[in-house]
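File shown here: entry26.cif, holding mmCIF, C-alpha atoms.
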data_structure
loop_
_atom_site.label_atom_id
_atom_site.label_comp_id
_atom_site.auth_asym_id
_atom_site.auth_seq_id
_atom_site.Cartn_x
_atom_site.Cartn_y
_atom_site.Cartn_z
CA ASN R 153 0.44 -14.09 0.54
CA ALA R 154 -2.61 -11.82 0.50
CA GLY R 155 -0.78 -8.70 1.60
CA VAL R 156 -2.19 -6.19 4.03
CA MET R 157 -5.98 -6.40 3.89
CA GLN R 158 -8.13 -3.43 4.79
CA ASN R 159 -11.89 -3.30 4.89
CA PRO R 160 -14.15 -1.82 4.05
CA ARG R 161 -12.64 -0.17 0.99
CA HIS R 162 -15.18 2.62 1.13
CA LEU R 163 -17.20 3.74 4.13
CA VAL R 164 -19.85 6.43 4.28
CA ARG R 165 -20.98 7.71 7.65
CA ARG R 166 -23.28 10.50 8.71
CA ARG R 167 -21.97 13.10 11.11
CA GLY R 168 -22.11 11.79 14.65
CA GLN R 169 -21.92 8.10 13.73
CA GLU R 170 -19.06 5.76 14.50
CA ALA R 171 -16.59 4.46 11.93
CA ARG R 172 -14.68 1.20 12.37
CA LEU R 173 -11.81 0.48 10.04
CA ARG R 174 -10.20 -2.95 10.00
CA CYS R 175 -6.71 -4.02 9.05
CA SER R 176 -5.37 -7.56 8.78
CA PRO R 177 -1.57 -7.49 8.55
CA MET R 178 0.45 -9.70 6.27
CA LYS R 179 0.93 -13.24 7.53
CA GLY R 180 3.68 -13.34 10.09
CA HIS R 181 3.58 -9.59 10.73
CA SER R 182 2.91 -8.49 14.27
CA HIS R 183 3.52 -4.75 13.90
CA VAL R 184 0.82 -2.46 12.52
CA TYR R 185 0.91 1.22 11.65
CA TRP R 186 -1.99 3.50 10.73
CA TYR R 187 -1.61 6.57 8.52
CA ARG R 188 -4.17 9.12 7.38
CA GLN R 189 -4.15 10.83 3.99
CA LEU R 190 -6.19 13.98 3.66
CA PRO R 191 -7.07 15.21 0.14
CA GLU R 192 -3.97 16.49 -1.68
CA GLU R 193 -1.79 15.79 1.34
CA GLY R 194 0.86 13.26 2.12
CA LEU R 195 0.30 10.47 4.57
CA LYS R 196 0.52 11.35 8.23
CA PHE R 197 1.43 8.88 10.95
CA MET R 198 -1.29 8.16 13.46
CA VAL R 199 -0.45 5.14 15.60
CA TYR R 200 1.86 2.13 15.91
CA LEU R 201 0.64 -1.06 17.55
CA GLN R 202 1.97 -4.47 18.37
CA LYS R 203 -0.25 -7.32 19.46
CA GLU R 204 -2.25 -6.10 22.48
CA ASN R 205 -0.04 -3.01 22.88
CA ILE R 206 -0.13 0.57 21.68
CA ILE R 207 3.49 1.58 21.17
CA ASP R 208 3.12 5.12 19.85
CA GLU R 209 -0.12 7.05 19.39
CA SER R 210 1.48 10.46 19.11
CA GLY R 211 -0.13 11.17 15.74
CA MET R 212 -3.65 10.29 16.73
CA PRO R 213 -6.16 12.99 17.75
CA LYS R 214 -6.73 12.76 21.48
CA GLU R 215 -10.49 12.76 21.23
CA ARG R 216 -12.81 10.42 19.34
CA PHE R 217 -10.03 8.26 17.88
CA SER R 218 -8.83 4.95 19.27
CA ALA R 219 -6.95 1.95 17.96
CA GLU R 220 -6.42 -1.62 19.05
CA PHE R 221 -4.66 -4.73 17.86
CA PRO R 222 -6.00 -7.68 19.84
CA LYS R 223 -4.29 -11.00 20.30
CA GLU R 224 -6.71 -12.51 17.81
CA GLY R 225 -8.22 -10.73 14.85
CA PRO R 226 -7.50 -7.58 12.89
CA SER R 227 -6.37 -4.21 14.08
CA ILE R 228 -9.24 -1.75 14.46
CA LEU R 229 -9.15 2.02 14.07
CA ARG R 230 -12.25 3.47 15.64
CA ILE R 231 -13.55 6.99 15.12
CA GLN R 232 -16.46 8.03 17.30
CA GLN R 233 -18.89 10.84 16.47
CA VAL R 234 -17.37 11.44 13.06
CA VAL R 235 -17.19 14.94 11.62
CA ARG R 236 -16.69 16.06 8.02
CA GLY R 237 -13.03 16.76 8.69
CA ASP R 238 -12.50 13.05 9.31
CA SER R 239 -13.14 12.36 5.62
CA ALA R 240 -9.88 10.93 4.37
CA ALA R 241 -8.14 7.77 3.23
CA TYR R 242 -6.86 5.68 6.10
CA PHE R 243 -3.98 3.35 5.36
CA CYS R 244 -2.65 0.52 7.41
CA ALA R 245 0.85 -0.94 7.05
CA SER R 246 2.52 -3.91 8.66
CA SER R 247 5.99 -5.27 9.22
CA PRO R 248 7.47 -8.47 10.66
CA GLU R 249 9.49 -6.54 13.19
CA SER R 250 9.60 -3.01 14.45
CA GLY R 251 10.50 -0.39 11.93
CA THR R 252 10.78 0.07 8.22
CA ARG R 253 14.24 -1.42 7.80
CA ASP R 254 15.58 -0.86 4.30
CA TYR R 255 12.62 -2.28 2.48
CA GLY R 256 9.99 -0.07 3.99
CA TYR R 257 6.80 -1.53 5.25
CA THR R 258 3.84 -2.76 3.21
CA PHE R 259 0.71 -0.64 2.94
CA GLY R 260 -2.79 -1.89 2.36
CA SER R 261 -5.11 -0.35 -0.22
CA GLY R 262 -6.78 1.84 2.36
CA THR R 263 -10.26 2.68 3.55
CA ARG R 264 -11.79 5.80 2.11
CA LEU R 265 -14.04 7.37 4.69
CA THR R 266 -16.61 9.91 3.62
CA VAL R 267 -18.61 11.76 6.25
CA VAL R 268 -21.83 13.29 4.99
CA GLN A 1311 5.33 22.53 10.29
CA GLN A 1312 6.06 20.66 7.09
CA GLN A 1313 9.27 18.74 7.59
CA VAL A 1314 9.54 17.37 4.07
CA LYS A 1315 8.79 19.74 1.19
CA GLN A 1316 8.09 18.21 -2.20
CA SER A 1317 7.91 19.84 -5.62
CA PRO A 1318 6.43 20.14 -8.12
CA GLN A 1319 2.85 19.44 -7.14
CA SER A 1320 2.17 18.09 -10.62
CA LEU A 1321 4.30 17.20 -13.60
CA ILE A 1322 3.54 16.38 -17.22
CA VAL A 1323 6.19 14.60 -19.26
CA GLN A 1324 6.23 13.14 -22.73
CA LYS A 1325 6.87 9.44 -23.19
CA GLY A 1326 10.59 8.79 -23.22
CA GLY A 1327 11.40 11.95 -21.29
CA ILE A 1328 12.95 12.36 -17.85
CA SER A 1329 10.75 13.03 -14.85
CA ILE A 1330 12.37 14.82 -11.93
CA ILE A 1331 10.77 15.27 -8.51
CA ASN A 1332 12.51 17.14 -5.73
CA CYS A 1333 12.31 17.02 -1.97
CA ALA A 1334 13.92 19.05 0.79
CA TYR A 1335 14.02 18.30 4.49
CA GLU A 1336 14.87 20.17 7.64
CA ASN A 1337 15.46 17.52 10.29
CA THR A 1338 19.07 16.37 10.23
CA ALA A 1339 18.09 13.33 12.31
CA PHE A 1340 16.39 11.75 9.29
CA ASP A 1341 18.34 8.62 8.35
CA TYR A 1342 16.36 6.89 5.61
CA PHE A 1343 14.64 8.37 2.57
CA PRO A 1344 12.17 6.22 0.63
CA TRP A 1345 10.08 7.09 -2.38
CA TYR A 1346 6.59 5.67 -2.73
CA GLN A 1347 4.44 5.28 -5.84
CA GLN A 1348 0.67 5.39 -5.51
CA PHE A 1349 -1.87 4.55 -8.19
CA PRO A 1350 -5.47 5.75 -7.84
CA GLY A 1351 -7.40 3.66 -5.36
CA LYS A 1352 -4.30 1.86 -4.14
CA GLY A 1353 -1.98 2.14 -1.21
CA PRO A 1354 1.53 3.55 -1.54
CA ALA A 1355 4.14 1.05 -2.70
CA LEU A 1356 7.84 1.39 -1.96
CA LEU A 1357 9.73 2.28 -5.13
CA ILE A 1358 13.30 2.95 -4.07
CA ALA A 1359 15.07 4.20 -0.95
CA ILE A 1360 18.41 5.67 0.05
CA ARG A 1361 20.48 6.29 3.18
CA PRO A 1362 22.32 9.61 3.66
CA ASP A 1363 25.77 8.04 3.40
CA VAL A 1364 25.16 7.41 -0.30
CA SER A 1365 24.88 10.16 -2.93
CA GLU A 1366 23.06 8.16 -5.57
CA LYS A 1367 21.13 4.95 -5.92
CA LYS A 1368 19.84 3.51 -9.15
CA GLU A 1369 17.31 0.75 -9.74
CA GLY A 1370 16.36 0.25 -13.35
CA ARG A 1371 14.91 3.49 -14.70
CA PHE A 1372 14.61 5.02 -11.22
CA THR A 1373 17.44 6.97 -9.59
CA ILE A 1374 17.62 8.82 -6.28
CA SER A 1375 20.15 11.64 -6.01
CA PHE A 1376 20.97 12.73 -2.48
CA ASN A 1377 22.68 15.95 -1.37
CA LYS A 1378 23.28 15.75 2.35
CA SER A 1379 24.79 19.22 2.76
CA ALA A 1380 21.84 20.84 0.99
CA LYS A 1381 19.37 18.52 2.71
CA GLN A 1382 17.77 17.70 -0.61
CA PHE A 1383 17.03 14.56 -2.54
CA SER A 1384 15.36 13.90 -5.84
CA LEU A 1385 13.82 11.11 -7.88
CA HIS A 1386 14.69 10.79 -11.54
CA ILE A 1387 12.62 8.57 -13.82
CA MET A 1388 14.43 7.92 -17.07
CA ASP A 1389 12.59 6.99 -20.26
CA SER A 1390 9.27 7.80 -18.62
CA GLN A 1391 6.36 5.62 -19.70
CA PRO A 1392 2.57 6.14 -19.55
CA GLY A 1393 2.47 3.33 -16.99
CA ASP A 1394 4.56 5.50 -14.68
CA SER A 1395 1.64 7.93 -14.37
CA ALA A 1396 0.92 7.98 -10.65
CA THR A 1397 1.40 10.07 -7.54
CA TYR A 1398 4.89 9.95 -6.08
CA PHE A 1399 5.68 10.66 -2.46
CA CYS A 1400 9.04 11.24 -0.91
CA ALA A 1401 9.40 10.41 2.75
CA ALA A 1402 11.93 10.50 5.53
CA ARG A 1403 12.40 8.47 8.68
CA SER A 1404 13.77 9.88 11.89
CA GLY A 1405 16.77 8.10 13.32
CA GLY A 1406 15.17 8.37 16.72
CA SER A 1407 12.20 6.33 15.53
CA ASN A 1408 12.75 3.38 13.27
CA TYR A 1409 9.14 3.23 12.17
CA LYS A 1410 7.66 6.71 11.75
CA LEU A 1411 7.75 8.15 8.22
CA THR A 1412 7.20 11.82 7.40
CA PHE A 1413 5.79 12.22 3.90
CA GLY A 1414 5.89 15.02 1.37
CA LYS A 1415 2.60 16.16 -0.13
CA GLY A 1416 3.07 14.21 -3.33
CA THR A 1417 3.61 14.85 -7.03
CA LEU A 1418 1.05 13.81 -9.61
CA LEU A 1419 3.00 12.61 -12.63
CA THR A 1420 1.32 12.30 -16.00
CA VAL A 1421 3.28 10.75 -18.85
CA ASN A 1422 1.70 11.45 -22.21
CA PRO A 1423 2.01 8.82 -24.95
#

Please express the file's structure as structure tokens.
Amino acid sequence: NAGVMQNPRHLVRRRGQEARLRCSPMKGHSHVYWYRQLPEEGLKFMVYLQKENIIDESGMPKERFSAEFPKEGPSILRIQQVVRGDSAAYFCASSPESGTRDYGYTFGSGTRLTVV
Amino acid sequence: QQQVKQSPQSLIVQKGGISIINCAYENTAFDYFPWYQQFPGKGPALLIAIRPDVSEKKEGRFTISFNKSAKQFSLHIMDSQPGDSATYFCAARSGGSNYKLTFGKGTLLTVNP
């Protein structure tokens, strides 16, 4: 069981470029959640996806950010035209069914995005 | 609006001592309160969690104390060890959403040998 796999671990982008962050959930998990962690801040919910469906994107900025979880392949968080304020650690979590239940859900090691 | 307030921001404890981290919340709809431990370069890992119908939960050296009337909960680490040095986050889940966690800002714990 490889756990939640995120790649790349580190990503450097120049202002205006696009950033693509990938998340492969744990085997058997079909629910994916993305969180963002700004420096010296707690994690903030961005989006919740099931296969081919966005369930809740209430925490995601309305512009430049999008997420998908296709039938095949990893979940992708896409940030277009990145700005310095997008520099953060982006964490993905997965669960076998909706919700955290009593055991919480499992986070990946994150992608640290730096915009220069 | 910060819905979960965590303190202190940082904490230094001697080996063998007790580490105490406090959190307070405002939303009475929260129904599940986990604590996460995060080492540098890693994702948060669930440490221990409690529901509001219980006043205390203990797992090994880690204990959550919960005060529903005061809307506060705390993490106690007994016999703190250098390996416990990490950032600790409290969190809360809204009963109206079984998946969305609201996190505190974190406490950087350093346990000196």

Could you spell out the hits of the PyMOL selection byres ((chain R) within 12 of (chain A)) on the shown file, as a ChimeraX atom specification?
/R:155-158,161-162,183-201,207-211,241-264

Which polymer residues have any atom within 10 Å of an atom of Ile1374 (chain A), counting all atoms listed in the file, with same-chain residues fewer than 5 positions away left out, as a list in words?
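Contacts, in chain order: Ile1330, Ile1331, Asn1332, Phe1343, Pro1344, Trp1345, Ile1358, Ala1359, Ile1360, Val1364, Ser1365, Glu1366, Lys1367, Lys1368, Glu1369, Phe1383, Ser1384, Leu1385, His1386 and Ile1387 of chain A.
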
Find the distance between CA of Gly1327 (chain A) and CA of Phe1376 (chain A) and write it in Å to one decimal.
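Atom-to-atom, CA of Gly1327 (chain A) to CA of Phe1376 (chain A), that is 21.1 Å.
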
A:Ala1402, A:Pro1362, A:Asp1394, A:Phe1372: which is nearest Gln1313 (chain A), counting only C-alpha atoms?
A:Ala1402

Pick out the residues sitting within 7 Å of region 1320-1325 of chain A, and hand them over as a list of chain:residue names; count only C-alpha atoms, and ignore anything fewer than 6 positions along from it in its own chain.
A:Asp1389, A:Ser1390, A:Gln1391, A:Pro1392, A:Thr1417, A:Leu1418, A:Leu1419, A:Thr1420, A:Val1421, A:Asn1422, A:Pro1423

Using all atoms listed in the file, list the residues that have an atom at most 9 Å from (-17.8, 8.0, 6.9), coordinates as in the file, as number ranges by chain.
R: 162-167, 169-171, 234-236, 238-240, 264-268

Output the selection as a short mmCIF file (atom, residue, chain, number, x, y, z; two decimals), in the coordinates of the input - C-alpha atoms for each residue.
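This went into selection25.cif:
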data_model
loop_
_atom_site.label_atom_id
_atom_site.label_comp_id
_atom_site.auth_asym_id
_atom_site.auth_seq_id
_atom_site.Cartn_x
_atom_site.Cartn_y
_atom_site.Cartn_z
CA HIS R 162 -15.18 2.62 1.13
CA LEU R 163 -17.20 3.74 4.13
CA VAL R 164 -19.85 6.43 4.28
CA ARG R 165 -20.98 7.71 7.65
CA ARG R 166 -23.28 10.50 8.71
CA ARG R 167 -21.97 13.10 11.11
CA GLN R 169 -21.92 8.10 13.73
CA GLU R 170 -19.06 5.76 14.50
CA ALA R 171 -16.59 4.46 11.93
CA VAL R 234 -17.37 11.44 13.06
CA VAL R 235 -17.19 14.94 11.62
CA ARG R 236 -16.69 16.06 8.02
CA ASP R 238 -12.50 13.05 9.31
CA SER R 239 -13.14 12.36 5.62
CA ALA R 240 -9.88 10.93 4.37
CA ARG R 264 -11.79 5.80 2.11
CA LEU R 265 -14.04 7.37 4.69
CA THR R 266 -16.61 9.91 3.62
CA VAL R 267 -18.61 11.76 6.25
CA VAL R 268 -21.83 13.29 4.99
#

What does the structure give for the distance between CA of Arg174 (chain R) and CA of Pro160 (chain R), in Å to one decimal?
7.2 Å

From the options R:Ser218, R:Glu224, R:Pro213, R:Asn159, which residue's atoms come nearest to Ser182 (chain R), counting only C-alpha atoms?
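Checking each candidate against Ser182 (chain R), we get R:Glu224 as the closest.
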
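Here CA of Gln1382 (chain A) stands at a distance of 9.1 Å from CA of Glu1336 (chain A).
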
For a quick check of understanding, using all atoms listed in the file, which of R:Glu204, R:Gly237, R:Arg230, R:Ala154 has the smallest distance to Pro177 (chain R)?
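Residue with the minimum atom-to-atom distance to Pro177 (chain R): R:Ala154.
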
Please provide the set of residues having any atom within 9 Å of Pro226 (chain R), restricted to only C-alpha atoms, with same-chain residues fewer than 3 positions apart removed, written as a list in words.
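My list of contacting residues is Arg174, Cys175, Ser176, Pro177, Glu220, Phe221, Pro222 and Lys223 of chain R.
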